[in-house]
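J.: If you scroll down you'll find the structure; I have some questions about it.
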Amino acid sequence: MRLSRYFLPVLKENPSEAQIVSHRLMLRAGLIKQSAAGIYSWLPMGFKILRKLENIVHEEQARAGHLAMLMPTIQSADLWHESGRYDAFGDEMLRIKDRGGREMLFTPTAEELITDIFRSHVSSYKDLPLTMYQIQWKFRDEVRPRFGVMRGREFLMKDGYNFDLTKEDALHAYNRHLVSYLRTYERMGLQAIPMRADSGAMGGDDTHEFLVLAETGESEVFYDSAVTDLSFGDREIDYSSVEDCAAVMEEFTTKYARTDETHDEALFNEVPEERRRTARGIEVGQIFYFGTKYSEAMGATVQGPDGKNQPVHMGSHGIGVSRLLGAIIEASHDDKGIIWPEGVTPFHAGIVNLKQGDAEADAACEALYSALTLMGLEPLYDDRNERAGGKFASMDLVGLPWRITVGPRGLKNGVVELTSRRTGESEEMPPEAAVQKLG
Ligand code: ATP
Ligand code: MG
Ligand code: MG
Ligand code: MG
């Protein structure tokens, strides 16, 4: 992409309405634009990153054997009356009437709708296990929308639902989700720690939230510092293996890690004192096992091997896809701007032409642009007629992992400069070597 043809409305000044760094940087880097409280437009670069996050989620869900689908954002209230949540959800639910006076709502989550789909089409245990998910916009009329996309009213969520014959099967689905979520967040360059939490309005017994540690997080968390040493890495996992998934669950959830909702001071005090941590965290996902709560209320039953009808065991699993953009920035930035992890960066490298219009510099930039593109990488070429200082500032602000700086002086010696955004280290090398290093 050539910056002269892109839409990247970078702001020079700090927007006064933004209280935290991720919100500030998302506005300054031209990623989003607020349209109403807690409701945002996603500008081209912000949208590109959002898509990258979605892709990672899709890939990891597919790997775990879960089926992608899509449900509507506007739903009839009927199903919600059936489950009893129409009233229970309270003011966070945006209620709408259509022209016929029928009660509708903008979906805040989709347990009811998916359970209805399930009961309409599945009647035998032979069709189980089944896990389906979607990545769809949700609306919750939050009391205090704030911090940009971190607590929006409209936000993008991955929500998945498992249907199983027995509690054991459903707990396998729970563990499978834990594993796939660990992989998902790590690919985004994030450490998200599973913590025992409270099931709140969802109901149910088992639930873990995934938290990214950050001072600006809205949750208070308590943990054994040893949990921060754990990482899933690139190990192979057989998602169909009950034992393998259970082993990961055990490894990642045995040490003390809880949100304030379930915090237990006595248990916490059993952790060696030098490892006890109290901190703040951003909730980027949550998994639930809630048994037969919805299937009983809504008659989602299957015929078991014994010929008897029984309600299915269910769970639901959410990832805050749009919130993740903010969480990644909170975890990865410096005073110059964003530092995108390689896995989610909107462009792989920036090319800065120090002297636009200089025949040699222009030609060298074009050659770099083509070479990187041919390798399947996406460069962002700053081909504007601007001062070098301004170009550097914009590149640092938008946070691409690499910058290649091209100028007449370097070219006389046959070199360009390759700079790492994260370390700030620069190295001079021939253009071909820079291309090779990024490949
Ligand atoms: P929170 O405690 O932050 O209000 P929640 O527990 O109500 O979140 P869930 O129902 O667990 O949210 O939804 C799944 C995920 O969706 C959350 O883990 C979070 O990452 C994301 N999410 C929830 N509410 C919002 C919001 N208002 N804006 C952006 N993302 C959100
Ligand atoms: Mg909430
Ligand atoms: Mg929560
Ligand atoms: Mg939650």
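Residue numbering restarts at 1 in every chain; chains get A, B, ... in the order shown in the structure tokens, and ligands count up from 1 in that same order.
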Could I get the residues of chain A with an atom no further than 12 Å from an atom of ligand 3, each paired with its nearest atom pair and that distance in Å to one decimal, using only C-alpha atoms and all ligand atoms, sorted by chain and residue number, as a Markdown table?
T.:
| residue | atom | partner | partner_atom_place_in_ligand_line | distance |
| --- | --- | --- | --- | --- |
| A:Arg151 | CA | ligand 3 | 1 (Mg) | 11.0 |
| A:Met195 | CA | ligand 3 | 1 (Mg) | 11.4 |
| A:Arg196 | CA | ligand 3 | 1 (Mg) | 11.5 |
| A:Ala197 | CA | ligand 3 | 1 (Mg) | 8.3 |
| A:Asp198 | CA | ligand 3 | 1 (Mg) | 8.2 |
| A:Ser199 | CA | ligand 3 | 1 (Mg) | 8.6 |
| A:Gly200 | CA | ligand 3 | 1 (Mg) | 8.2 |
| A:Ala201 | CA | ligand 3 | 1 (Mg) | 9.9 |
| A:Met202 | CA | ligand 3 | 1 (Mg) | 10.6 |
| A:Thr207 | CA | ligand 3 | 1 (Mg) | 10.8 |
| A:His208 | CA | ligand 3 | 1 (Mg) | 10.0 |
| A:Glu209 | CA | ligand 3 | 1 (Mg) | 7.5 |
| A:Phe210 | CA | ligand 3 | 1 (Mg) | 9.8 |
| A:Leu211 | CA | ligand 3 | 1 (Mg) | 10.1 |
| A:Gly217 | CA | ligand 3 | 1 (Mg) | 11.4 |
| A:Glu218 | CA | ligand 3 | 1 (Mg) | 9.3 |
| A:Ser219 | CA | ligand 3 | 1 (Mg) | 8.1 |
| A:Glu220 | CA | ligand 3 | 1 (Mg) | 11.2 |
| A:Thr259 | CA | ligand 3 | 1 (Mg) | 9.5 |
| A:Asp260 | CA | ligand 3 | 1 (Mg) | 10.9 |
| A:Glu261 | CA | ligand 3 | 1 (Mg) | 9.7 |
| A:Gly281 | CA | ligand 3 | 1 (Mg) | 10.9 |
| A:Ile282 | CA | ligand 3 | 1 (Mg) | 9.3 |
| A:Glu283 | CA | ligand 3 | 1 (Mg) | 6.5 |
| A:Val284 | CA | ligand 3 | 1 (Mg) | 9.0 |
| A:Gly285 | CA | ligand 3 | 1 (Mg) | 8.5 |
| A:Gln286 | CA | ligand 3 | 1 (Mg) | 7.8 |
| A:Ile287 | CA | ligand 3 | 1 (Mg) | 10.8 |
| A:Phe288 | CA | ligand 3 | 1 (Mg) | 11.8 |
| A:Gly318 | CA | ligand 3 | 1 (Mg) | 10.6 |
| A:Ile319 | CA | ligand 3 | 1 (Mg) | 11.3 |
| A:Gly320 | CA | ligand 3 | 1 (Mg) | 10.7 |
J.: Region 120-324 of chain A: which residues are strand (DSSP E or B) by DSSP, as a PyMOL selection string?
T.: chain A and resi 124+130-139+146+151+154-164+193-196+206-213+219-224+257-259+276-291+301-303+309-311+313-320
J.: Enumerate the residues of region 19-248 of chain A with a DSSP assignment of alpha helix (DSSP H), computed from the backbone, and present them as number ranges by chain.
T.: A: 21-28, 44-63, 78-83, 85-88, 111-121, 167-187, 242-248
J.: What do you get as a list in words if you pick all residues at most 9 Å from ligand 2, counting only C-alpha atoms and all ligand atoms?
T.: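 Here is the list of contacting residues: Glu92, Arg140, Glu142 and Arg151 of chain A.
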J.: Quick one: residues within 7 Å of Glu103 (chain A), only C-alpha atoms, excluding same-chain residues fewer than 5 positions away - as a list in words?
T.: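 Counting only the stated atoms, we get Ser76, Ala77, Ile96, Lys97 and Asp98 of chain A.
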J.: Just the residues within 12 Å of His317 (chain A), please, counting only C-alpha atoms, with nothing from its chain fewer than 3 positions along; format it as a PyMOL selection string.
T.: chain A and resi 61+66+109-111+131-135+157-162+173-178+180-181+199+202+206-210+284-290+314+320
J.: Counting only C-alpha atoms, which residue out of A:Ala214, A:Met71, A:Ile339, A:Leu397 sits closest to Pro9 (chain A)?
T.: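 Once distances to Pro9 (chain A) are computed over only C-alpha atoms, the minimum belongs to A:Leu397.
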J.: Nearest residue to ligand 1 out of A:Leu130, A:Leu70, A:Ala327, A:Leu25, using only C-alpha atoms and all ligand atoms?
T.: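 Result for the nearest residue to ligand 1: A:Ala327.
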J.: Which polymer residues have any atom within 12 Å of an atom of Glu168 (chain A), counting only C-alpha atoms, with same-chain residues fewer than 3 positions away left out, as a list in words?
T.: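 Neighbouring residues, sequence-local ones excluded: Pro129, Phe163, Asp164, Leu165, Leu171, His172, Ala173, Tyr174, Asn175, Val242, Glu243, Ala246, Tyr289, Gly291, Val312, His313 and Met314 of chain A.
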J.: For each of A:Ser316, A:Ala279, A:Met188, A:Ile114, take the minimum atom-to-atom distance to ligand 4, counting only C-alpha atoms and all ligand atoms, then give the residue where this is smallest.
T.: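 Ranked by minimum distance to ligand 4, first place goes to A:Ser316.
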J.: For Gly299 (chain A), which residue out of A:Val122, A:Ser22, A:Pro108, A:Pro194 is the nearest one, using only C-alpha atoms?
T.: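 Checking each of A:Val122, A:Ser22, A:Pro108, A:Pro194 against Gly299 (chain A), counting only C-alpha atoms, the winner is A:Val122.
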J.: Select, from A:Ser322, A:Asn385, A:Thr262, A:Gln436, the residue with the minimum atom-to-atom distance to Ala371 (chain A), counting only C-alpha atoms.
T.: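 Closest residue, counting only C-alpha atoms: A:Gln436.
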J.: When you count only C-alpha atoms, which of these residues is closest to Ser332 (chain A): A:Val302, A:Ala388, A:Ala64, A:Val21?
T.: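 Among the listed residues, A:Val21 lies closest to Ser332 (chain A).
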J.: So the first atom is CA of Pro401 (chain A) and the second is CA of His333 (chain A); what is the distance between them in Å, to one decimal place?
T.: 11.5 Å
J.: Please provide as an mmCIF file with C-alpha atoms, in the first residue's frame all residues within 10 Å of Gly84 (chain A), with the sequence filter that same-chain residues fewer than 3 positions apart are discarded (counting only C-alpha atoms).
T.:
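This went into around09.cif:
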data_model
loop_
_atom_site.group_PDB
_atom_site.id
_atom_site.type_symbol
_atom_site.label_atom_id
_atom_site.label_comp_id
_atom_site.auth_asym_id
_atom_site.auth_seq_id
_atom_site.Cartn_x
_atom_site.Cartn_y
_atom_site.Cartn_z
ATOM 1 C CA ASP A 78 -39.645 -14.755 22.186
ATOM 2 C CA LEU A 79 -36.743 -17.106 22.812
ATOM 3 C CA TRP A 80 -35.459 -14.853 25.542
ATOM 4 C CA HIS A 81 -38.812 -15.022 27.302
ATOM 5 C CA ASP A 87 -36.012 -9.633 32.034
ATOM 6 C CA ALA A 88 -32.914 -10.979 33.757
ATOM 7 C CA PHE A 89 -30.561 -9.252 31.325
ATOM 8 C CA GLU A 112 -30.991 -18.810 23.249
ATOM 9 C CA TYR A 294 -30.596 -23.680 28.781
ATOM 10 C CA ALA A 297 -35.446 -24.391 29.981
ATOM 11 C CA MET A 298 -35.785 -24.649 26.209
#
